[in-house]
>>> print(open('upload11.pdb').read())   # PDB, C-alpha atoms and all ligand atoms
MODEL        1
ATOM      1  CA  MET A   1     -11.268  -2.117 -17.283  1.00  0.00           C
ATOM      2  CA  THR A   2      -8.844  -1.811 -14.403  1.00  0.00           C
ATOM      3  CA  ILE A   3      -7.999   1.568 -13.023  1.00  0.00           C
ATOM      4  CA  GLU A   4      -4.375   2.464 -13.505  1.00  0.00           C
ATOM      5  CA  LYS A   5      -3.104   3.988 -10.287  1.00  0.00           C
ATOM      6  CA  ARG A   6       0.578   3.946 -11.092  1.00  0.00           C
ATOM      7  CA  ILE A   7       0.875   7.641 -11.602  1.00  0.00           C
ATOM      8  CA  CYS A   8       4.439   7.705 -10.282  1.00  0.00           C
ATOM      9  CA  PRO A   9       7.040   4.910 -10.226  1.00  0.00           C
ATOM     10  CA  ALA A  10       6.478   4.272  -6.520  1.00  0.00           C
ATOM     11  CA  CYS A  11       2.699   3.932  -6.773  1.00  0.00           C
ATOM     12  CA  GLY A  12       1.418   0.376  -6.668  1.00  0.00           C
ATOM     13  CA  LYS A  13       4.824  -1.000  -5.792  1.00  0.00           C
ATOM     14  CA  ASN A  14       4.025  -2.146  -2.277  1.00  0.00           C
ATOM     15  CA  THR A  15       0.272  -2.539  -2.648  1.00  0.00           C
ATOM     16  CA  PRO A  16      -0.994  -2.970  -6.202  1.00  0.00           C
ATOM     17  CA  GLY A  17      -3.826  -0.563  -6.963  1.00  0.00           C
ATOM     18  CA  GLU A  18      -2.837   1.801  -4.152  1.00  0.00           C
ATOM     19  CA  TYR A  19      -1.095   5.137  -4.309  1.00  0.00           C
ATOM     20  CA  CYS A  20       2.305   5.496  -2.680  1.00  0.00           C
ATOM     21  CA  ASP A  21       2.602   7.480   0.560  1.00  0.00           C
ATOM     22  CA  ARG A  22       3.900  10.560  -1.194  1.00  0.00           C
ATOM     23  CA  CYS A  23       1.042  10.739  -3.692  1.00  0.00           C
ATOM     24  CA  GLN A  24      -1.601   9.838  -1.103  1.00  0.00           C
ATOM     25  CA  LYS A  25      -0.347  12.608   1.176  1.00  0.00           C
ATOM     26  CA  LYS A  26      -0.686  15.128  -1.644  1.00  0.00           C
ATOM     27  CA  PHE A  27      -4.226  13.971  -2.401  1.00  0.00           C
ATOM     28  CA  ASN A  28      -5.134  14.269   1.272  1.00  0.00           C
ATOM     29  CA  GLU A  29      -3.858  17.839   1.175  1.00  0.00           C
ATOM     30  CA  GLY A  30      -6.184  18.695  -1.703  1.00  0.00           C
ATOM     31  CA  PHE A  31      -3.849  18.321  -4.633  1.00  0.00           C
ATOM     32  CA  ILE A  32      -4.546  16.774  -7.984  1.00  0.00           C
ATOM     33  CA  ALA A  33      -1.837  15.051  -9.980  1.00  0.00           C
ATOM     34  CA  LEU A  34      -1.170  16.097 -13.537  1.00  0.00           C
ATOM     35  CA  VAL A  35       0.335  13.160 -15.348  1.00  0.00           C
ATOM     36  CA  SER A  36       2.304  14.244 -18.369  1.00  0.00           C
ATOM     37  CA  VAL A  37       1.687  12.324 -21.566  1.00  0.00           C
ATOM     38  CA  ASP A  38       3.078  12.426 -25.057  1.00  0.00           C
ATOM     39  CA  PRO A  39       0.255  13.749 -27.267  1.00  0.00           C
ATOM     40  CA  GLU A  40       1.751  12.197 -30.384  1.00  0.00           C
ATOM     41  CA  LYS A  41       1.278   8.758 -28.896  1.00  0.00           C
ATOM     42  CA  SER A  42      -2.044   9.495 -27.191  1.00  0.00           C
ATOM     43  CA  THR A  43      -5.546  10.576 -28.097  1.00  0.00           C
ATOM     44  CA  VAL A  44      -6.050  14.076 -26.800  1.00  0.00           C
ATOM     45  CA  LYS A  45      -9.450  15.629 -26.172  1.00  0.00           C
ATOM     46  CA  GLU A  46     -10.233  19.221 -27.045  1.00  0.00           C
ATOM     47  CA  ASN A  47      -9.658  20.510 -23.519  1.00  0.00           C
ATOM     48  CA  GLY A  48      -6.164  19.019 -23.446  1.00  0.00           C
ATOM     49  CA  THR A  49      -6.955  16.025 -21.291  1.00  0.00           C
ATOM     50  CA  MET A  50      -7.091  12.353 -22.181  1.00  0.00           C
ATOM     51  CA  THR A  51      -8.316   9.105 -20.772  1.00  0.00           C
ATOM     52  CA  ASN A  52      -6.429   6.323 -19.057  1.00  0.00           C
ATOM     53  CA  GLU A  53      -6.342   3.780 -21.820  1.00  0.00           C
ATOM     54  CA  ASN A  54      -4.996   6.023 -24.545  1.00  0.00           C
ATOM     55  CA  ALA A  55      -2.495   8.018 -22.503  1.00  0.00           C
ATOM     56  CA  TYR A  56       1.183   7.465 -23.137  1.00  0.00           C
ATOM     57  CA  ARG A  57       2.991   8.604 -19.992  1.00  0.00           C
ATOM     58  CA  THR A  58       6.248  10.511 -20.233  1.00  0.00           C
ATOM     59  CA  GLY A  59       7.053   9.938 -16.536  1.00  0.00           C
ATOM     60  CA  GLU A  60       6.611  13.580 -15.509  1.00  0.00           C
ATOM     61  CA  LEU A  61       4.257  14.326 -12.658  1.00  0.00           C
ATOM     62  CA  LEU A  62       3.063  17.608 -11.223  1.00  0.00           C
ATOM     63  CA  PHE A  63       0.866  18.215  -8.199  1.00  0.00           C
ATOM     64  CA  ILE A  64      -1.395  21.226  -8.241  1.00  0.00           C
ATOM     65  CA  LYS A  65      -4.048  22.463  -5.823  1.00  0.00           C
ATOM     66  CA  LYS A  66      -7.505  21.395  -6.966  1.00  0.00           C
ATOM     67  CA  GLU A  67      -8.948  24.904  -6.871  1.00  0.00           C
ATOM     68  CA  SER A  68      -6.136  26.165  -9.110  1.00  0.00           C
ATOM     69  CA  PHE A  69      -6.614  23.252 -11.430  1.00  0.00           C
ATOM     70  CA  PHE A  70     -10.276  23.982 -12.055  1.00  0.00           C
ATOM     71  CA  LYS A  71      -9.443  27.634 -12.708  1.00  0.00           C
ATOM     72  CA  LEU A  72      -6.745  26.723 -15.207  1.00  0.00           C
ATOM     73  CA  PHE A  73      -8.567  24.037 -17.109  1.00  0.00           C
ATOM     74  CA  ASP A  74     -11.966  24.026 -18.699  1.00  0.00           C
ATOM     75  CA  ILE A  75     -13.070  20.951 -16.779  1.00  0.00           C
ATOM     76  CA  SER A  76     -15.918  20.642 -14.331  1.00  0.00           C
ATOM     77  CA  GLU A  77     -15.361  18.931 -11.021  1.00  0.00           C
ATOM     78  CA  GLN A  78     -17.757  16.090 -11.902  1.00  0.00           C
ATOM     79  CA  ASP A  79     -15.581  15.191 -14.865  1.00  0.00           C
ATOM     80  CA  VAL A  80     -12.592  14.409 -12.691  1.00  0.00           C
ATOM     81  CA  LYS A  81     -13.345  11.090 -11.086  1.00  0.00           C
ATOM     82  CA  GLU A  82      -9.824  10.260 -10.017  1.00  0.00           C
ATOM     83  CA  ASN A  83      -7.152  12.156  -8.143  1.00  0.00           C
ATOM     84  CA  TYR A  84      -5.213  12.641 -11.317  1.00  0.00           C
ATOM     85  CA  VAL A  85      -5.638  13.740 -14.906  1.00  0.00           C
ATOM     86  CA  PHE A  86      -3.586  13.186 -17.996  1.00  0.00           C
ATOM     87  CA  VAL A  87      -2.353  16.298 -19.694  1.00  0.00           C
ATOM     88  CA  HIS A  88      -0.273  17.298 -22.680  1.00  0.00           C
ATOM     89  CA  ASP A  89       3.424  17.300 -21.730  1.00  0.00           C
ATOM     90  CA  GLU A  90       3.780  20.877 -22.961  1.00  0.00           C
ATOM     91  CA  ILE A  91       1.157  22.033 -20.475  1.00  0.00           C
ATOM     92  CA  VAL A  92       3.037  20.306 -17.662  1.00  0.00           C
ATOM     93  CA  ASN A  93       6.260  21.986 -18.741  1.00  0.00           C
ATOM     94  CA  VAL A  94       4.654  25.435 -18.836  1.00  0.00           C
ATOM     95  CA  LEU A  95       3.046  24.906 -15.436  1.00  0.00           C
ATOM     96  CA  LYS A  96       6.297  23.664 -13.946  1.00  0.00           C
ATOM     97  CA  LYS A  97       8.071  26.820 -15.046  1.00  0.00           C
ATOM     98  CA  SER A  98       5.354  29.095 -13.722  1.00  0.00           C
ATOM     99  CA  CYS A  99       5.012  27.218 -10.430  1.00  0.00           C
ATOM    100  CA  LEU A 100       8.685  27.232  -9.541  1.00  0.00           C
TER     101      LEU A 100
HETATM  102 ZN    ZN B 201       3.089   7.785  -6.180  1.00  0.00          ZN
ENDMDL
END
>>> encode(input="upload11.pdb", output="structure tokens")
Amino acid sequence: MTIEKRICPACGKNTPGEYCDRCQKKFNEGFIALVSVDPEKSTVKENGTMTNENAYRTGELLFIKKESFFKLFDISEQDVKENYVFVHDEIVNVLKKSCL
């Protein structure tokens, strides 16, 4: 299984398998990317997250500080192996409203 690193349209464009500068900068600053997916076309776990292979991306992306992320979601740090997670698009929309 290959790891999908194209979390935003720019990722992987110049160097396949690498994050773009914008995303990498955010990760360096301690952010995690919430990749919005359509739950109707994906398999969603009970905590609202899903895995790479069954996530249907809507194209929305939200960066959130890691410490806030682990407070908001019922996920332990060991469970997040990448710099991003897939979440229900409704959750992304709610977070976007409350973050702005
Ligand atoms: Zn990117």
>>> closest_atom_pairs(input="upload11.pdb", of="chain A", to="ligand ZN 201 (chain B)", cutoff="8 Å", atoms="all atoms listed in the file", output="CSV")
residue,atom,partner,partner_atom,distance
A:Arg6,CA,B:ZN201,ZN,6.7
A:Ile7,CA,B:ZN201,ZN,5.9
A:Cys8,CA,B:ZN201,ZN,4.3
A:Pro9,CA,B:ZN201,ZN,6.3
A:Ala10,CA,B:ZN201,ZN,4.9
A:Cys11,CA,B:ZN201,ZN,3.9
A:Gly12,CA,B:ZN201,ZN,7.6
A:Tyr19,CA,B:ZN201,ZN,5.3
A:Cys20,CA,B:ZN201,ZN,4.3
A:Asp21,CA,B:ZN201,ZN,6.8
A:Arg22,CA,B:ZN201,ZN,5.8
A:Cys23,CA,B:ZN201,ZN,4.4
A:Gln24,CA,B:ZN201,ZN,7.2
>>> atom_distance(input="upload11.pdb", atom1="CA of Phe69 (chain A)", atom2="CA of Ile32 (chain A)")
7.6 Å
>>> atom_distance(input="upload11.pdb", atom1="CA of Phe86 (chain A)", atom2="CA of Leu72 (chain A)")
14.2 Å
>>> residues_around(input="upload11.pdb", residues="region 34-44 of chain A", least_positions_apart="3", cutoff="12 Å", atoms="all atoms listed in the file", output="PyMOL selection string")
chain A and resi 4-9+23+26-27+31+47-66+69+73+80+82-96
>>> closest_residue(input="upload11.pdb", among="A:Lys97, A:Glu67, A:Glu46, A:Ile75", to="Glu29 (chain A)", atoms="only C-alpha atoms")
A:Glu67
>>> atom_distance(input="upload11.pdb", atom1="CA of Gln78 (chain A)", atom2="CA of Lys45 (chain A)")
16.5 Å
>>> axis_aligned_box(input="upload11.pdb", around="region 36-42 of chain A", padding_each_side="6 Å", output="lines of an AutoDock Vina configuration file")
center_x = 0.5
center_y = 11.5
center_z = -24.4
size_x = 17.1
size_y = 17.5
size_z = 24.0
>>> build_atoms(input="upload11.pdb", residues="region 2-25 of chain A", atoms="N, CA and C atoms", output="PDB file, keeping the file's coordinate frame")
ATOM      1  N   THR A   2      -9.447  -2.082 -15.703  1.00  0.00           N
ATOM      2  CA  THR A   2      -8.844  -1.811 -14.403  1.00  0.00           C
ATOM      3  C   THR A   2      -8.383  -0.365 -14.350  1.00  0.00           C
ATOM      4  N   ILE A   3      -8.429   0.179 -13.184  1.00  0.00           N
ATOM      5  CA  ILE A   3      -7.999   1.568 -13.023  1.00  0.00           C
ATOM      6  C   ILE A   3      -6.504   1.600 -12.762  1.00  0.00           C
ATOM      7  N   GLU A   4      -5.830   2.325 -13.600  1.00  0.00           N
ATOM      8  CA  GLU A   4      -4.375   2.464 -13.505  1.00  0.00           C
ATOM      9  C   GLU A   4      -4.024   3.491 -12.441  1.00  0.00           C
ATOM     10  N   LYS A   5      -3.435   3.034 -11.349  1.00  0.00           N
ATOM     11  CA  LYS A   5      -3.104   3.988 -10.287  1.00  0.00           C
ATOM     12  C   LYS A   5      -1.613   4.253 -10.199  1.00  0.00           C
ATOM     13  N   ARG A   6      -0.859   3.729 -11.142  1.00  0.00           N
ATOM     14  CA  ARG A   6       0.578   3.946 -11.092  1.00  0.00           C
ATOM     15  C   ARG A   6       0.929   5.273 -11.733  1.00  0.00           C
ATOM     16  N   ILE A   7       0.600   6.331 -11.032  1.00  0.00           N
ATOM     17  CA  ILE A   7       0.875   7.641 -11.602  1.00  0.00           C
ATOM     18  C   ILE A   7       2.320   8.053 -11.398  1.00  0.00           C
ATOM     19  N   CYS A   8       3.003   7.475 -10.436  1.00  0.00           N
ATOM     20  CA  CYS A   8       4.439   7.705 -10.282  1.00  0.00           C
ATOM     21  C   CYS A   8       5.096   6.337 -10.107  1.00  0.00           C
ATOM     22  N   PRO A   9       6.409   6.240 -10.267  1.00  0.00           N
ATOM     23  CA  PRO A   9       7.040   4.910 -10.226  1.00  0.00           C
ATOM     24  C   PRO A   9       6.831   4.165  -8.904  1.00  0.00           C
ATOM     25  N   ALA A  10       6.626   4.921  -7.825  1.00  0.00           N
ATOM     26  CA  ALA A  10       6.478   4.272  -6.520  1.00  0.00           C
ATOM     27  C   ALA A  10       5.067   3.759  -6.278  1.00  0.00           C
ATOM     28  N   CYS A  11       4.089   4.326  -6.977  1.00  0.00           N
ATOM     29  CA  CYS A  11       2.699   3.932  -6.773  1.00  0.00           C
ATOM     30  C   CYS A  11       2.474   2.479  -7.185  1.00  0.00           C
ATOM     31  N   GLY A  12       1.763   1.757  -6.353  1.00  0.00           N
ATOM     32  CA  GLY A  12       1.418   0.376  -6.668  1.00  0.00           C
ATOM     33  C   GLY A  12       2.540  -0.611  -6.435  1.00  0.00           C
ATOM     34  N   LYS A  13       3.685  -0.118  -5.979  1.00  0.00           N
ATOM     35  CA  LYS A  13       4.824  -1.000  -5.792  1.00  0.00           C
ATOM     36  C   LYS A  13       4.616  -1.934  -4.604  1.00  0.00           C
ATOM     37  N   ASN A  14       4.240  -1.342  -3.471  1.00  0.00           N
ATOM     38  CA  ASN A  14       4.025  -2.146  -2.277  1.00  0.00           C
ATOM     39  C   ASN A  14       2.653  -2.796  -2.286  1.00  0.00           C
ATOM     40  N   THR A  15       1.630  -2.023  -2.575  1.00  0.00           N
ATOM     41  CA  THR A  15       0.272  -2.539  -2.648  1.00  0.00           C
ATOM     42  C   THR A  15      -0.292  -2.234  -4.030  1.00  0.00           C
ATOM     43  N   PRO A  16      -0.458  -3.246  -4.860  1.00  0.00           N
ATOM     44  CA  PRO A  16      -0.994  -2.970  -6.202  1.00  0.00           C
ATOM     45  C   PRO A  16      -2.359  -2.283  -6.120  1.00  0.00           C
ATOM     46  N   GLY A  17      -2.553  -1.276  -6.952  1.00  0.00           N
ATOM     47  CA  GLY A  17      -3.826  -0.563  -6.963  1.00  0.00           C
ATOM     48  C   GLY A  17      -3.908   0.550  -5.936  1.00  0.00           C
ATOM     49  N   GLU A  18      -2.850   0.738  -5.157  1.00  0.00           N
ATOM     50  CA  GLU A  18      -2.837   1.801  -4.152  1.00  0.00           C
ATOM     51  C   GLU A  18      -1.806   2.849  -4.533  1.00  0.00           C
ATOM     52  N   TYR A  19      -2.079   4.081  -4.096  1.00  0.00           N
ATOM     53  CA  TYR A  19      -1.095   5.137  -4.309  1.00  0.00           C
ATOM     54  C   TYR A  19       0.033   4.987  -3.302  1.00  0.00           C
ATOM     55  N   CYS A  20       1.196   5.514  -3.638  1.00  0.00           N
ATOM     56  CA  CYS A  20       2.305   5.496  -2.680  1.00  0.00           C
ATOM     57  C   CYS A  20       2.037   6.574  -1.622  1.00  0.00           C
ATOM     58  N   ASP A  21       2.809   6.546  -0.553  1.00  0.00           N
ATOM     59  CA  ASP A  21       2.602   7.480   0.560  1.00  0.00           C
ATOM     60  C   ASP A  21       2.695   8.928   0.121  1.00  0.00           C
ATOM     61  N   ARG A  22       3.664   9.193  -0.751  1.00  0.00           N
ATOM     62  CA  ARG A  22       3.900  10.560  -1.194  1.00  0.00           C
ATOM     63  C   ARG A  22       2.686  11.105  -1.965  1.00  0.00           C
ATOM     64  N   CYS A  23       2.190  10.299  -2.897  1.00  0.00           N
ATOM     65  CA  CYS A  23       1.042  10.739  -3.692  1.00  0.00           C
ATOM     66  C   CYS A  23      -0.206  10.837  -2.810  1.00  0.00           C
ATOM     67  N   GLN A  24      -0.417   9.849  -1.962  1.00  0.00           N
ATOM     68  CA  GLN A  24      -1.601   9.838  -1.103  1.00  0.00           C
ATOM     69  C   GLN A  24      -1.630  11.059  -0.197  1.00  0.00           C
ATOM     70  N   LYS A  25      -0.447  11.444   0.300  1.00  0.00           N
ATOM     71  CA  LYS A  25      -0.347  12.608   1.176  1.00  0.00           C
ATOM     72  C   LYS A  25      -0.780  13.862   0.421  1.00  0.00           C
TER      73      LYS A  25
END
